[in-house]
$ cat query20.txt   # compact mmCIF, C-alpha atoms
# COMPACT_ATOMS: atom_id res chain seq x y z
CA MET A 1 92.39 135.61 -205.09
CA THR A 2 92.10 132.01 -206.12
CA PHE A 3 95.36 131.21 -204.35
CA ARG A 4 94.15 132.75 -201.07
CA THR A 5 90.92 130.84 -201.23
CA LEU A 6 92.77 127.62 -201.80
CA LEU A 7 95.13 128.33 -198.89
CA LEU A 8 92.23 129.04 -196.51
CA ALA A 9 90.43 125.86 -197.55
CA THR A 10 93.57 123.83 -196.93
CA ALA A 11 93.96 125.29 -193.43
CA LEU A 12 90.34 124.56 -192.57
CA LEU A 13 90.64 121.02 -193.84
CA THR A 14 93.76 120.41 -191.72
CA ALA A 15 92.07 121.75 -188.58
CA ALA A 16 89.02 119.61 -189.16
CA THR A 17 91.14 116.53 -189.67
CA THR A 18 93.09 117.20 -186.47
CA LEU A 19 89.86 117.73 -184.45
CA ALA A 20 88.34 114.55 -185.83
CA ALA A 21 91.44 112.57 -184.94
CA ALA A 22 91.40 113.93 -181.39
CA GLN A 23 87.71 113.12 -180.94
CA GLY A 24 88.28 109.63 -182.28
CA THR A 25 91.10 109.04 -179.81
CA ALA A 26 88.89 110.15 -176.87
CA GLN A 27 86.08 107.93 -178.05
CA ASP A 28 88.45 104.97 -178.36
CA ALA A 29 89.67 105.63 -174.82
CA ARG A 30 86.10 105.65 -173.54
CA ASP A 31 85.25 102.48 -175.40
CA THR A 32 88.29 100.64 -174.09
CA ILE A 33 87.53 98.52 -170.93
CA GLU A 34 90.34 97.83 -168.51
CA ALA A 35 91.34 94.18 -168.25
CA PRO A 36 89.71 92.23 -165.38
CA VAL A 37 92.04 91.51 -162.47
CA LEU A 38 91.68 88.57 -160.08
CA ARG A 39 91.40 89.21 -156.34
CA ALA A 40 93.28 87.06 -153.82
CA ASN A 41 90.89 87.66 -150.90
CA VAL A 42 87.14 88.06 -151.15
CA THR A 43 84.54 88.88 -148.49
CA VAL A 44 80.83 88.48 -149.05
CA THR A 45 77.82 89.20 -146.84
CA GLY A 46 75.26 87.08 -148.61
CA ASP A 47 74.93 83.41 -149.52
CA ILE A 48 76.29 83.69 -153.09
CA VAL A 49 79.54 84.76 -154.73
CA ARG A 50 79.25 86.99 -157.82
CA ILE A 51 81.71 87.72 -160.60
CA GLY A 52 82.17 91.24 -159.26
CA ASP A 53 83.31 89.74 -155.95
CA VAL A 54 86.22 87.78 -157.43
CA ILE A 55 87.56 90.21 -160.04
CA ASP A 56 88.02 93.93 -160.46
CA ASN A 57 86.73 95.62 -163.65
CA ALA A 58 83.99 93.02 -164.10
CA GLY A 59 81.80 95.40 -166.09
CA PRO A 60 78.20 94.36 -166.81
CA ALA A 61 78.92 90.80 -165.63
CA ALA A 62 79.62 91.93 -162.05
CA LEU A 63 76.22 90.84 -160.69
CA ILE A 64 76.25 87.33 -162.17
CA ALA A 65 76.30 84.62 -159.47
CA ILE A 66 78.90 81.89 -159.98
CA TYR A 67 79.33 80.16 -156.57
CA ARG A 68 77.53 79.48 -153.33
CA ALA A 69 79.18 81.28 -150.40
CA PRO A 70 80.74 79.28 -147.53
CA ASP A 71 78.94 78.86 -144.22
CA LEU A 72 78.40 81.90 -142.01
CA GLY A 73 81.59 83.09 -140.42
CA THR A 74 83.81 80.66 -142.32
CA THR A 75 86.39 80.93 -145.12
CA GLY A 76 86.65 78.73 -148.21
CA ALA A 77 89.21 78.42 -151.01
CA LEU A 78 88.59 78.48 -154.79
CA PRO A 79 91.32 77.27 -157.19
CA THR A 80 92.15 79.90 -159.78
CA ALA A 81 91.70 77.47 -162.68
CA GLN A 82 88.19 76.68 -161.51
CA VAL A 83 87.35 80.36 -161.24
CA LEU A 84 88.62 81.09 -164.75
CA THR A 85 86.46 78.29 -166.12
CA ALA A 86 83.41 79.78 -164.45
CA LEU A 87 84.27 83.23 -165.81
CA ARG A 88 84.71 81.99 -169.39
CA ALA A 89 81.26 80.44 -169.22
CA HIS A 90 79.98 84.00 -168.93
CA GLN A 91 82.28 85.42 -171.63
CA VAL A 92 84.67 87.00 -169.15
CA ILE A 93 88.14 86.43 -170.63
CA GLY A 94 91.58 87.94 -170.51
CA VAL A 95 91.67 87.92 -166.71
CA ASP A 96 94.94 89.00 -165.12
CA THR A 97 95.52 86.30 -162.49
CA ARG A 98 98.63 87.96 -161.02
CA ASP A 99 99.96 84.42 -160.45
CA ILE A 100 97.34 83.80 -157.77
CA LYS A 101 96.86 80.06 -157.24
CA GLU A 102 93.61 80.21 -155.25
CA ILE A 103 91.09 82.73 -153.93
CA ALA A 104 90.13 82.87 -150.24
CA VAL A 105 86.39 83.60 -149.86
CA THR A 106 85.17 84.67 -146.41
CA ARG A 107 81.51 85.02 -145.54
CA LEU A 108 80.94 87.71 -142.96
CA ALA A 109 78.57 86.91 -140.09
CA ARG A 110 77.21 88.29 -136.87
CA THR A 111 77.71 86.07 -133.83
CA VAL A 112 75.13 86.22 -131.04
CA GLU A 113 76.77 84.64 -128.00
CA ALA A 114 74.92 82.25 -125.70
CA LYS A 115 75.44 84.56 -122.71
CA GLU A 116 73.89 87.44 -124.65
CA ILE A 117 70.85 85.27 -125.43
CA GLU A 118 70.44 84.25 -121.77
CA ARG A 119 70.62 87.88 -120.63
CA ALA A 120 68.08 88.90 -123.26
CA VAL A 121 65.64 86.14 -122.23
CA ALA A 122 66.00 87.04 -118.55
CA GLY A 123 65.40 90.69 -119.38
CA ALA A 124 62.26 89.81 -121.36
CA LEU A 125 60.89 87.82 -118.37
CA GLU A 126 61.80 90.37 -115.70
CA HIS A 127 58.85 91.21 -113.41
CA ARG A 128 56.44 89.07 -115.45
CA SER A 129 53.91 86.86 -113.68
CA GLY A 130 55.44 87.48 -110.27
CA LEU A 131 59.08 86.97 -111.26
CA GLY A 132 61.68 89.33 -109.83
CA ASP A 133 64.73 91.08 -111.26
CA ALA A 134 66.45 89.56 -114.26
CA ALA A 135 69.67 89.12 -112.27
CA ASN A 136 67.84 86.75 -109.89
CA LEU A 137 66.37 84.48 -112.56
CA SER A 138 67.79 81.00 -113.16
CA LEU A 139 66.96 79.78 -116.68
CA THR A 140 66.82 76.20 -117.94
CA PHE A 141 66.38 75.96 -121.72
CA ASP A 142 64.69 73.07 -123.48
CA ARG A 143 67.68 73.00 -125.85
CA ASP A 144 71.23 73.92 -125.00
CA VAL A 145 71.82 77.54 -125.92
CA GLN A 146 74.90 77.96 -128.11
CA ASP A 147 76.43 80.83 -130.02
CA ILE A 148 74.29 81.66 -133.07
CA ARG A 149 75.69 83.00 -136.32
CA LEU A 150 73.49 85.26 -138.40
CA ASP A 151 73.89 86.98 -141.71
CA ALA A 152 75.99 90.10 -141.29
CA ALA A 153 73.07 92.16 -142.54
CA ASN A 154 71.12 91.30 -139.36
CA SER A 155 72.67 94.08 -137.33
CA GLY A 156 69.69 95.02 -135.15
CA ALA A 157 69.28 94.36 -131.42
CA LEU A 158 67.54 91.35 -129.89
CA GLN A 159 64.08 92.85 -129.68
CA PRO A 160 61.46 90.75 -127.81
CA VAL A 161 58.21 90.54 -129.76
CA SER A 162 56.57 87.89 -127.57
CA ALA A 163 57.22 86.84 -123.96
CA ARG A 164 54.97 84.49 -121.99
CA VAL A 165 55.55 82.71 -118.68
CA GLU A 166 53.35 80.34 -116.67
CA PRO A 167 53.24 81.56 -113.03
CA ARG A 168 52.96 78.12 -111.41
CA SER A 169 55.41 76.09 -113.46
CA GLY A 170 57.70 78.88 -114.60
CA ARG A 171 57.52 77.69 -118.21
CA PHE A 172 58.47 80.48 -120.62
CA ASP A 173 58.21 81.08 -124.36
CA VAL A 174 60.15 84.09 -125.70
CA THR A 175 60.56 85.22 -129.33
CA PHE A 176 63.04 87.85 -130.51
CA GLU A 177 63.27 89.71 -133.80
CA ILE A 178 66.58 90.97 -135.17
CA ALA A 179 66.15 93.65 -137.80
CA GLY A 180 68.20 93.43 -140.99
CA ALA A 181 69.68 96.07 -143.25
CA THR A 182 67.48 98.06 -145.61
CA SER A 183 67.11 95.23 -148.12
CA ALA A 184 67.66 92.31 -145.74
CA ALA A 185 64.85 90.40 -144.09
CA SER A 186 64.63 90.35 -140.30
CA THR A 187 65.41 87.16 -138.37
CA ARG A 188 63.31 85.64 -135.58
CA LEU A 189 64.67 83.52 -132.74
CA ARG A 190 62.48 81.55 -130.32
CA PHE A 191 63.49 80.09 -126.96
CA THR A 192 61.52 77.97 -124.48
CA GLY A 193 62.32 76.58 -121.05
CA THR A 194 61.78 77.15 -117.34
CA ALA A 195 62.53 80.23 -115.24
CA ILE A 196 63.01 80.13 -111.46
CA GLU A 197 63.60 83.12 -109.23
CA THR A 198 66.52 82.63 -106.86
CA VAL A 199 67.93 84.44 -103.85
CA GLU A 200 71.34 84.49 -102.22
CA VAL A 201 71.31 82.67 -98.90
CA ALA A 202 73.80 81.41 -96.32
CA VAL A 203 74.13 77.61 -96.47
CA LEU A 204 75.60 75.41 -93.74
CA THR A 205 78.84 73.53 -94.34
CA ARG A 206 78.35 71.26 -91.29
CA ASN A 207 75.63 69.84 -89.07
CA VAL A 208 74.69 72.20 -86.23
CA ASP A 209 72.76 71.74 -83.01
CA ARG A 210 70.48 74.05 -81.13
CA GLY A 211 72.51 76.70 -79.33
CA ASP A 212 75.59 76.41 -81.57
CA LEU A 213 77.35 79.64 -82.44
CA LEU A 214 77.98 80.08 -86.16
CA ARG A 215 81.48 80.85 -87.39
CA SER A 216 82.52 82.17 -90.78
CA SER A 217 83.80 78.72 -91.80
CA ASP A 218 80.38 77.20 -91.09
CA LEU A 219 78.73 79.06 -93.98
CA VAL A 220 78.92 79.53 -97.74
CA VAL A 221 76.75 81.69 -99.99
CA GLU A 222 74.65 79.98 -102.65
CA ARG A 223 71.68 80.81 -104.83
CA ARG A 224 68.58 78.80 -103.99
CA PRO A 225 65.01 78.93 -105.37
CA LYS A 226 63.07 81.65 -103.61
CA ALA A 227 60.09 79.31 -103.30
CA ASP A 228 62.20 76.93 -101.17
CA VAL A 229 63.77 79.56 -98.94
CA GLY A 230 60.91 82.03 -98.61
CA GLY A 231 61.16 85.71 -98.00
CA ASP A 232 63.38 85.57 -94.88
CA ALA A 233 66.60 84.12 -96.27
CA ALA A 234 69.51 84.84 -93.93
CA SER A 235 72.59 86.49 -95.39
CA ARG A 236 76.05 85.29 -94.47
CA ASP A 237 76.98 88.58 -92.78
CA ARG A 238 73.88 88.39 -90.64
CA ALA A 239 74.36 84.74 -89.68
CA VAL A 240 77.99 84.85 -88.53
CA GLY A 241 78.13 85.13 -84.73
CA MET A 242 74.48 84.22 -84.27
CA GLN A 243 73.17 81.26 -82.30
CA MET A 244 71.09 78.43 -83.72
CA ARG A 245 67.50 78.24 -82.60
CA ARG A 246 67.14 74.65 -83.90
CA PRO A 247 69.37 71.89 -85.30
CA LEU A 248 70.02 71.81 -89.05
CA ARG A 249 72.00 69.60 -91.42
CA THR A 250 74.77 70.34 -93.88
CA SER A 251 73.75 72.15 -97.09
CA GLN A 252 70.51 73.44 -95.60
CA PRO A 253 69.81 77.14 -96.21
CA LEU A 254 69.42 79.41 -93.22
CA LYS A 255 66.36 81.51 -92.55
CA ALA A 256 66.21 84.49 -90.25
CA ALA A 257 63.83 82.54 -88.02
CA ASP A 258 66.55 79.91 -87.46
CA LEU A 259 68.82 82.41 -85.73
CA VAL A 260 68.83 84.18 -82.39
CA LYS A 261 71.24 86.47 -80.70
CA PRO A 262 73.86 84.49 -78.75
CA ASP A 263 73.21 83.94 -75.04
CA LEU A 264 75.39 86.30 -73.04
CA VAL A 265 74.33 84.59 -69.83
CA GLN A 266 74.11 80.82 -69.31
CA ARG A 267 72.11 78.95 -66.67
CA ASP A 268 74.21 78.20 -63.52
CA GLN A 269 76.85 80.65 -64.71
CA ASN A 270 78.46 83.01 -62.23
CA VAL A 271 77.59 86.52 -63.34
CA THR A 272 78.30 90.06 -62.27
CA LEU A 273 75.31 91.77 -60.66
CA ILE A 274 75.21 95.51 -61.16
CA TYR A 275 72.97 97.64 -58.93
CA GLN A 276 72.50 100.94 -60.63
CA THR A 277 70.57 104.07 -59.72
CA ALA A 278 71.12 107.80 -59.75
CA GLY A 279 74.44 108.45 -58.02
CA LEU A 280 74.90 104.79 -57.07
CA TYR A 281 76.77 101.97 -58.82
CA LEU A 282 77.42 98.71 -56.95
CA THR A 283 78.61 95.33 -58.19
CA THR A 284 78.50 91.89 -56.63
CA ARG A 285 78.49 88.27 -57.75
CA GLY A 286 75.46 86.14 -58.45
CA LYS A 287 74.41 82.87 -60.07
CA ALA A 288 72.23 82.93 -63.19
CA LEU A 289 69.13 80.76 -63.08
CA ASP A 290 68.22 81.27 -66.78
CA ASN A 291 69.81 81.63 -70.19
CA GLY A 292 69.51 85.06 -71.75
CA THR A 293 70.72 87.22 -74.58
CA GLU A 294 71.14 90.97 -74.56
CA GLY A 295 67.99 92.67 -73.35
CA ASP A 296 66.43 89.51 -71.87
CA THR A 297 65.13 89.49 -68.29
CA VAL A 298 66.67 86.66 -66.23
CA SER A 299 66.56 85.47 -62.63
CA VAL A 300 69.75 85.61 -60.56
CA LEU A 301 70.46 84.12 -57.10
CA ASN A 302 72.30 86.47 -54.73
CA PRO A 303 74.55 84.05 -52.77
CA GLN A 304 74.91 86.47 -49.87
CA SER A 305 71.26 87.20 -49.22
CA LYS A 306 70.02 83.90 -50.71
CA ARG A 307 67.39 85.93 -52.48
CA THR A 308 66.34 85.55 -56.11
CA ILE A 309 66.21 88.79 -58.01
CA THR A 310 65.51 89.65 -61.65
CA GLY A 311 67.60 91.81 -63.92
CA ILE A 312 68.34 92.60 -67.56
CA VAL A 313 71.23 91.05 -69.46
CA THR A 314 73.46 93.95 -70.51
CA GLY A 315 76.66 92.14 -71.48
CA ARG A 316 78.49 88.84 -71.45
CA GLY A 317 78.12 87.44 -67.92
CA GLN A 318 76.56 90.71 -66.77
CA VAL A 319 73.11 91.41 -65.32
CA THR A 320 71.94 94.88 -64.33
CA ILE A 321 69.28 95.64 -61.68
CA GLU A 322 67.75 99.04 -62.00
CA ILE A 323 66.81 100.50 -58.63
CA ALA A 324 63.86 102.85 -58.72
CA THR A 325 64.64 106.29 -57.30
CA PRO A 326 62.01 107.61 -54.83
CA LYS A 327 60.28 110.70 -56.08
CA ALA A 328 60.97 113.91 -54.15
CA VAL A 329 58.03 115.05 -52.00
CA ALA A 330 56.74 118.50 -52.97
CA ALA A 331 57.21 121.33 -50.44
CA ALA A 332 53.49 122.10 -50.32
CA ASP A 333 52.71 118.45 -49.55
CA THR A 334 55.34 118.39 -46.77
CA THR A 335 53.91 121.49 -45.15
CA ALA A 336 50.45 120.05 -45.30
CA SER A 337 51.59 116.81 -43.62
CA ILE A 338 53.34 118.54 -40.67
CA GLY A 339 51.29 121.67 -40.49
CA SER A 340 49.12 123.11 -37.71
CA ASP A 341 45.45 123.08 -37.18
CA GLU A 342 45.02 125.67 -39.87
CA PRO A 343 43.20 124.59 -42.98
CA ALA A 344 45.54 123.42 -45.72
CA ALA A 345 44.01 125.85 -48.14
CA SER A 346 45.29 128.84 -46.09
CA ALA A 347 48.92 127.72 -46.15
CA SER A 348 51.26 129.91 -48.15
CA PRO A 349 55.02 130.35 -48.46
CA ALA A 350 54.87 133.48 -46.36
CA ALA A 351 52.89 131.80 -43.59
CA THR A 352 55.27 128.86 -43.61
CA ARG A 353 58.29 131.11 -43.17
CA SER A 354 56.50 132.89 -40.32
CA GLN A 355 55.85 129.60 -38.52
CA VAL A 356 59.43 128.44 -38.96
CA THR A 357 61.01 131.65 -37.62
CA SER A 358 58.66 131.91 -34.64
CA LYS A 359 59.49 128.45 -33.22
CA PRO A 360 62.78 129.51 -31.51
CA GLU A 361 60.95 132.11 -29.53
$ encode --input "query20.txt" --output "structure tokens"
Amino acid sequence: MTFRTLLLATALLTAATTLAAAQGTAQDARDTIEAPVLRANVTVTGDIVRIGDVIDNAGPAALIAIYRAPDLGTTGALPTAQVLTALRAHQVIGVDTRDIKEIAVTRLARTVEAKEIERAVAGALEHRSGLGDAANLSLTFDRDVQDIRLDAANSGALQPVSARVEPRSGRFDVTFEIAGATSAASTRLRFTGTAIETVEVAVLTRNVDRGDLLRSSDLVVERRPKADVGGDAASRDRAVGMQMRRPLRTSQPLKAADLVKPDLVQRDQNVTLIYQTAGLYLTTRGKALDNGTEGDTVSVLNPQSKRTITGIVTGRGQVTIEIATPKAVAAADTTASIGSDEPAASASPAATRSQVTSKPE
């Protein structure tokens, strides 16, 4: 009995010892921290570099700041020896450098391009204080607009929070806010300058005189201030082939009022006279006494009759005279004009037929 008890106690003691050894090994494994390992390339989004940025397995020291980050959107280099010195100052030792000689630190950034800023300002001013569409606005900034680099955390859109424009001078003052990430502060950008509404207009490439016909080579398309051109700017397509109403100089913009349809008939020009009526179409030659474009009424000398007649310009060198067609006389009116002594009121179709058939007798 005593032997069995002793054997059981020995077995229990062995099991307990084995369990304790296993638990101790697990605890040692948990307490062991992996050696810190140096990184060759580091990216940061803020303005400081922390221990956890430059090494893996930094442990509780990961959030300690050790360097100032490079400028937005740029990359800087840190010698490994310098980094190890900074780490030892915070009791971080035994770093596996992996034979890295220096660390490349890149600061991420968001770039807002100058063209994006100009479009955003134009959009904020669109239809304000009498201005037109954003696409027609010409902006002059008080300071040259260049690409702007922001902290990468500022990922929001350019949101206008204030937009003012002076109607007479066109002076504008626009402020945008760019929202940041959850913990990042928003950024505000302010721009001032002058906005002018422009329109596309045909501009002369040579001096022209009154009566000149415009060719395609005489015109180019430019944007000019709407205040200078007015509301009747002539487009290039509309101006080509038209005739000048007044002389203008090179580089002057064209207005619709400066143009007229080209004269199809010139004074003293030999023209074709067309006499036209129902069932009749005659042509002869004549001499124009006036200038005229399509639809104009001009005077023409008939060389045969020596008479001056008027007609409508209907084509190049062509004048048409419309001849009025006499109206047909109604049958009842004819009967009344050649009838007998009977009262007109008693005339009827039957009586008329009776009178006509009785005449041969």
$ residues_around --input "query20.txt" --residues "Asp53 (chain A)" --least-positions-apart "6" --cutoff "12 Å" --atoms "all atoms listed in the file" --output "PDB file with C-alpha atoms, in the coordinates of the input"
ATOM      1  CA  PRO A  36      89.710  92.230-165.380  1.00  0.00           C
ATOM      2  CA  VAL A  37      92.040  91.510-162.470  1.00  0.00           C
ATOM      3  CA  LEU A  38      91.680  88.570-160.080  1.00  0.00           C
ATOM      4  CA  ARG A  39      91.400  89.210-156.340  1.00  0.00           C
ATOM      5  CA  ALA A  40      93.280  87.060-153.820  1.00  0.00           C
ATOM      6  CA  ASN A  41      90.890  87.660-150.900  1.00  0.00           C
ATOM      7  CA  VAL A  42      87.140  88.060-151.150  1.00  0.00           C
ATOM      8  CA  THR A  43      84.540  88.880-148.490  1.00  0.00           C
ATOM      9  CA  VAL A  44      80.830  88.480-149.050  1.00  0.00           C
ATOM     10  CA  THR A  45      77.820  89.200-146.840  1.00  0.00           C
ATOM     11  CA  GLY A  46      75.260  87.080-148.610  1.00  0.00           C
ATOM     12  CA  GLY A  59      81.800  95.400-166.090  1.00  0.00           C
ATOM     13  CA  ALA A  61      78.920  90.800-165.630  1.00  0.00           C
ATOM     14  CA  ALA A  62      79.620  91.930-162.050  1.00  0.00           C
ATOM     15  CA  LEU A  63      76.220  90.840-160.690  1.00  0.00           C
ATOM     16  CA  ILE A  64      76.250  87.330-162.170  1.00  0.00           C
ATOM     17  CA  ALA A  65      76.300  84.620-159.470  1.00  0.00           C
ATOM     18  CA  ILE A  66      78.900  81.890-159.980  1.00  0.00           C
ATOM     19  CA  TYR A  67      79.330  80.160-156.570  1.00  0.00           C
ATOM     20  CA  ALA A  69      79.180  81.280-150.400  1.00  0.00           C
ATOM     21  CA  VAL A  83      87.350  80.360-161.240  1.00  0.00           C
ATOM     22  CA  LEU A  87      84.270  83.230-165.810  1.00  0.00           C
ATOM     23  CA  ILE A 103      91.090  82.730-153.930  1.00  0.00           C
ATOM     24  CA  ALA A 104      90.130  82.870-150.240  1.00  0.00           C
ATOM     25  CA  VAL A 105      86.390  83.600-149.860  1.00  0.00           C
ATOM     26  CA  THR A 106      85.170  84.670-146.410  1.00  0.00           C
ATOM     27  CA  ARG A 107      81.510  85.020-145.540  1.00  0.00           C
TER      28      ARG A 107
END
$ closest_residue --input "query20.txt" --among "A:Gln269, A:Thr198, A:Thr187, A:Ser235" --to "Leu137 (chain A)" --atoms "all atoms listed in the file"
A:Thr198
$ closest_residue --input "query20.txt" --among "A:Thr250, A:Thr85, A:Thr192, A:Asn207" --to "Phe141 (chain A)" --atoms "all atoms listed in the file"
A:Thr192
$ atom_distance --input "query20.txt" --atom1 "CA of Leu108 (chain A)" --atom2 "CA of Thr74 (chain A)"
7.6 Å
$ residues_around --input "query20.txt" --residues "region 210-222 of chain A" --least-positions-apart "5" --cutoff "9 Å" --atoms "all atoms listed in the file" --output "number ranges by chain"
A: 199-205, 235-237, 239-248, 253, 260, 262-263
$ atom_distance --input "query20.txt" --atom1 "CA of Asp96 (chain A)" --atom2 "CA of Val49 (chain A)"
19.1 Å
